[in-house]
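Read through the structure below, which is laid out as structure tokens, and then see the notes.
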Amino acid sequence: MKRTVKKTMWLVFILLSVAGGLVMYLINEHESLFEILDDQDLIKNLSISIASVALFLLVSYQSSTLVLKFVPYDQSKFAHYSWYFILQFLISGGLSLLTAICSAAVTVYANSGRWLGNTSYFSVDIYFVLLSTVFVQIVLFLIYFLVSSMQRQHRSEKLTMLLESEYIKLLQEVAVRKLEMDSLAPEKQYLQELDGIDLTDINYIYSEQKIRYIQSEVRGKTMFEGLTLSELIRVLPSDQFFLASRHLIINRSSVKSYRIMSNYNIELELNPPFHLKTTLSETATRLFKAWYTRGKDDLAE
């Protein structure tokens with residue numbers, strides 16, 4: 001597949017070089033296609049024109065690959081493509097335009113011994129070069145846009161398939177674990193080792209977008225199936241775990257600190273940090289104070 005793409009690219013490159021070189025030669029000679037056959041140096045002059053266009057296209061393409069080094073990925077698609085388009089015109093367009101002028105200067109000086117500024121290049125031919133530069137840059141940008149869009153979609157689909165397969169695998173493991181636990185004892189036995197994680201290792205348990213997670217010291221973030229948070233809090237040790245909200249159960253050891261806000265509610269700071277809201281409601285604040293203070297008193301005793 002890659003070899004076929006490379007062969008196609010080289011074929012397109014050669015065809016564009018030949019076509020562009022022929023057009024440039026016709027413009028420079030101010031002749032039609034059949035009139036150039038009388039030129040005694042046709043092969044030489046046409047070869048120089050084709051080589052100049054090939055060099056122009058090669059520099060345009062190669063310099064456009066440098067643009068990605070200066071365009072950040074951590075931004076929206078619109079911002080990314082906007083920056084790419086601007087930088088491509090500045091880098092690739094500027095270098096290819098400079099290459100076209102330099103190659104023309106070398107060719108003119110080699111043939112006639114004159115400097116390019118002493119010819120009609122900057123009053124006639126430069127417009128054709130500028131138009132060709134803009135056209136090539138637009139084509140290169142469209143190619144990059146199409147290829148990168150396809151790559152983004154492919155990566156997204158691949159990531160989705162990977163996540164789905166990992167999630168299905170996890171559900172299967174949990175189902176097996178649940179059957180094992182159910183065969184031994186009810187909920188209390190299940191809680192002795194929650195999905196293979198000891199209760200003492202759990203920092204907090206939370207739900208997000210209808211999926212429940214356990215954050216633990218040993219295994220980090222882990223998805224699990226089984227009891228809901230409202231069911232879990234009934235069987236978890238009350239002196240160790242507290243239902244901070246409908247979506248969050250915290251372990252006492254995970255409470256790094258808390259601060260009282262202007263409305264006298266409490267905002268928790270957990271360890272490891274928790275990415276969702278940790279501001280307690282009025283009712284939860286009163287219960288948390290009693291629970292947290294009771295635990296401190298127990299430790300003191």
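Labels used: A, B, ... for chains in the order of the structure tokens, numbers from 1 for residues in each chain, and numbers from 1 for ligands as shown.
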
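The list of residues with at least one atom within 12 Å of segment 216-219 of chain A, based on only C-alpha atoms and without residues fewer than 6 positions apart in the same chain, reads Leu194, Asp195, Gly196, Ile197, Asp198, Leu199, Thr200, Asp201, Ile202, Asn203, Tyr204, Ile205, Tyr206, Ile250, Asn251, Ser253, Ser254, Asn271 and Pro272 of chain A.
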
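In this comparison, which uses only C-alpha atoms, the residue of A:Ile266, A:Pro273, A:Ser207, A:Gln137 approaching Lys289 of chain A most closely is A:Ile266.
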
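With only C-alpha atoms taken into account, the protein and nucleic acid residues at most 8 Å from segment 85-93 of chain A (excluding it and anything under 6 positions from it in its own chain) are A:Val59, A:Ser60, A:Tyr61, A:Gln62, A:Ser63, A:Ser64, A:Val67, A:Thr133, A:Val134, A:Gln137, A:Phe141.
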
If you keep all heavy atoms, can you produce a file of those selected residues as an mmCIF file, in the first residue's frame?
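Writing done, so here's out_20.cif:
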```cif
data_model
loop_
_atom_site.group_PDB
_atom_site.id
_atom_site.type_symbol
_atom_site.label_atom_id
_atom_site.label_comp_id
_atom_site.auth_asym_id
_atom_site.auth_seq_id
_atom_site.Cartn_x
_atom_site.Cartn_y
_atom_site.Cartn_z
ATOM 1 N N VAL A 59 10.989 21.870 -3.025
ATOM 2 C CA VAL A 59 11.187 22.768 -1.879
ATOM 3 C C VAL A 59 9.847 23.089 -1.217
ATOM 4 O O VAL A 59 9.743 23.143 0.014
ATOM 5 C CB VAL A 59 11.900 24.051 -2.326
ATOM 6 C CG1 VAL A 59 11.914 25.094 -1.205
ATOM 7 C CG2 VAL A 59 13.319 23.741 -2.763
ATOM 8 N N SER A 60 8.816 23.296 -2.034
ATOM 9 C CA SER A 60 7.482 23.595 -1.488
ATOM 10 C C SER A 60 6.996 22.470 -0.589
ATOM 11 O O SER A 60 6.501 22.708 0.521
ATOM 12 C CB SER A 60 6.481 23.820 -2.632
ATOM 13 O OG SER A 60 6.857 24.922 -3.418
ATOM 14 N N TYR A 61 7.144 21.243 -1.064
ATOM 15 C CA TYR A 61 6.652 20.100 -0.292
ATOM 16 C C TYR A 61 7.493 19.848 0.953
ATOM 17 O O TYR A 61 6.967 19.679 2.054
ATOM 18 C CB TYR A 61 6.628 18.850 -1.173
ATOM 19 C CG TYR A 61 6.294 17.596 -0.398
ATOM 20 C CD1 TYR A 61 4.995 17.355 0.045
ATOM 21 C CD2 TYR A 61 7.292 16.665 -0.075
ATOM 22 C CE1 TYR A 61 4.690 16.216 0.773
ATOM 23 C CE2 TYR A 61 6.990 15.524 0.651
ATOM 24 C CZ TYR A 61 5.694 15.312 1.069
ATOM 25 O OH TYR A 61 5.396 14.196 1.798
ATOM 26 N N GLN A 62 8.815 19.818 0.778
ATOM 27 C CA GLN A 62 9.692 19.503 1.907
ATOM 28 C C GLN A 62 9.601 20.559 3.008
ATOM 29 O O GLN A 62 9.585 20.230 4.201
ATOM 30 C CB GLN A 62 11.143 19.374 1.426
ATOM 31 C CG GLN A 62 11.407 18.167 0.554
ATOM 32 C CD GLN A 62 11.216 16.860 1.305
ATOM 33 O OE1 GLN A 62 11.321 16.801 2.521
ATOM 34 N NE2 GLN A 62 10.912 15.796 0.577
ATOM 35 N N SER A 63 9.532 21.836 2.618
ATOM 36 C CA SER A 63 9.442 22.894 3.630
ATOM 37 C C SER A 63 8.080 22.889 4.324
ATOM 38 O O SER A 63 7.958 23.324 5.472
ATOM 39 C CB SER A 63 9.708 24.258 2.995
ATOM 40 O OG SER A 63 8.812 24.502 1.919
ATOM 41 N N SER A 64 7.035 22.387 3.634
ATOM 42 C CA SER A 64 5.712 22.318 4.270
ATOM 43 C C SER A 64 5.690 21.292 5.397
ATOM 44 O O SER A 64 4.888 21.401 6.332
ATOM 45 C CB SER A 64 4.636 21.984 3.239
ATOM 46 O OG SER A 64 4.794 20.662 2.748
ATOM 47 N N VAL A 67 6.356 22.687 8.967
ATOM 48 C CA VAL A 67 5.361 23.537 9.624
ATOM 49 C C VAL A 67 4.828 22.892 10.892
ATOM 50 O O VAL A 67 4.579 23.576 11.890
ATOM 51 C CB VAL A 67 4.200 23.845 8.654
ATOM 52 C CG1 VAL A 67 3.139 24.703 9.325
ATOM 53 C CG2 VAL A 67 4.734 24.562 7.415
ATOM 54 N N THR A 133 2.959 29.948 -6.800
ATOM 55 C CA THR A 133 3.247 29.726 -5.382
ATOM 56 C C THR A 133 1.970 29.614 -4.568
ATOM 57 O O THR A 133 1.806 28.699 -3.750
ATOM 58 C CB THR A 133 4.124 30.861 -4.832
ATOM 59 O OG1 THR A 133 5.345 30.934 -5.585
ATOM 60 C CG2 THR A 133 4.449 30.627 -3.365
ATOM 61 N N VAL A 134 1.052 30.549 -4.793
ATOM 62 C CA VAL A 134 -0.223 30.529 -4.068
ATOM 63 C C VAL A 134 -0.999 29.255 -4.386
ATOM 64 O O VAL A 134 -1.554 28.596 -3.496
ATOM 65 C CB VAL A 134 -1.064 31.772 -4.410
ATOM 66 C CG1 VAL A 134 -2.469 31.655 -3.822
ATOM 67 C CG2 VAL A 134 -0.383 33.028 -3.905
ATOM 68 N N GLN A 137 0.594 26.220 -2.664
ATOM 69 C CA GLN A 137 0.377 26.238 -1.219
ATOM 70 C C GLN A 137 -1.052 25.849 -0.858
ATOM 71 O O GLN A 137 -1.288 25.155 0.134
ATOM 72 C CB GLN A 137 0.713 27.620 -0.645
ATOM 73 C CG GLN A 137 2.175 27.999 -0.748
ATOM 74 C CD GLN A 137 3.087 26.960 -0.152
ATOM 75 O OE1 GLN A 137 2.852 26.463 0.959
ATOM 76 N NE2 GLN A 137 4.117 26.589 -0.876
ATOM 77 N N PHE A 141 -2.030 22.593 1.339
ATOM 78 C CA PHE A 141 -2.857 22.711 2.542
ATOM 79 C C PHE A 141 -4.072 21.796 2.462
ATOM 80 O O PHE A 141 -4.436 21.140 3.451
ATOM 81 C CB PHE A 141 -3.317 24.155 2.743
ATOM 82 C CG PHE A 141 -4.284 24.321 3.873
ATOM 83 C CD1 PHE A 141 -3.850 24.288 5.190
ATOM 84 C CD2 PHE A 141 -5.644 24.478 3.629
ATOM 85 C CE1 PHE A 141 -4.742 24.417 6.240
ATOM 86 C CE2 PHE A 141 -6.545 24.614 4.670
ATOM 87 C CZ PHE A 141 -6.091 24.589 5.979
#
```

Polymer residues at most 10 Å from segment 257-261 of chain A, only C-alpha atoms, same-chain spacing of 5 or more positions, as a ChimeraX atom specification: /A:266-271,278-279,285

Report as a compact mmCIF listing (two decimals) with all heavy atoms, in the first residue's frame all protein, DNA and RNA residues lying within 9 Å of Trp115 of chain A, evaluated on only C-alpha atoms, omitting residues in the same chain fewer than 4 positions from it.
```txt
# COMPACT_ATOMS: atom_id res chain seq x y z
N ALA A 105 17.61 33.36 -11.51
CA ALA A 105 18.81 34.21 -11.57
C ALA A 105 20.01 33.43 -12.07
O ALA A 105 20.79 33.93 -12.91
CB ALA A 105 19.08 34.80 -10.18
N VAL A 106 20.17 32.21 -11.58
CA VAL A 106 21.30 31.38 -12.02
C VAL A 106 21.17 31.04 -13.50
O VAL A 106 22.15 31.10 -14.27
CB VAL A 106 21.37 30.09 -11.18
CG1 VAL A 106 22.40 29.12 -11.76
CG2 VAL A 106 21.70 30.41 -9.73
N VAL A 108 19.50 32.68 -15.93
CA VAL A 108 19.70 33.87 -16.76
C VAL A 108 21.16 34.25 -16.83
O VAL A 108 21.70 34.57 -17.91
CB VAL A 108 18.85 35.04 -16.22
CG1 VAL A 108 19.24 36.35 -16.90
CG2 VAL A 108 17.37 34.77 -16.41
N TYR A 109 21.85 34.21 -15.70
CA TYR A 109 23.27 34.60 -15.69
C TYR A 109 24.12 33.60 -16.47
O TYR A 109 25.08 33.97 -17.16
CB TYR A 109 23.77 34.69 -14.25
CG TYR A 109 25.15 35.29 -14.15
CD1 TYR A 109 25.33 36.68 -14.20
CD2 TYR A 109 26.28 34.47 -14.01
CE1 TYR A 109 26.60 37.22 -14.12
CE2 TYR A 109 27.54 35.01 -13.94
CZ TYR A 109 27.70 36.39 -13.99
OH TYR A 109 28.96 36.94 -13.91
N THR A 119 16.60 42.18 -16.31
CA THR A 119 15.67 41.58 -17.26
C THR A 119 14.23 41.99 -16.90
O THR A 119 14.02 42.77 -15.98
CB THR A 119 15.79 40.04 -17.24
OG1 THR A 119 15.35 39.54 -15.96
CG2 THR A 119 17.24 39.60 -17.45
```

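Compared by their closest atoms to Phe78 of chain A, and using only C-alpha atoms, the residues A:Ser120, A:Val18, A:Leu229, A:Phe145 rank with A:Phe145 nearest.
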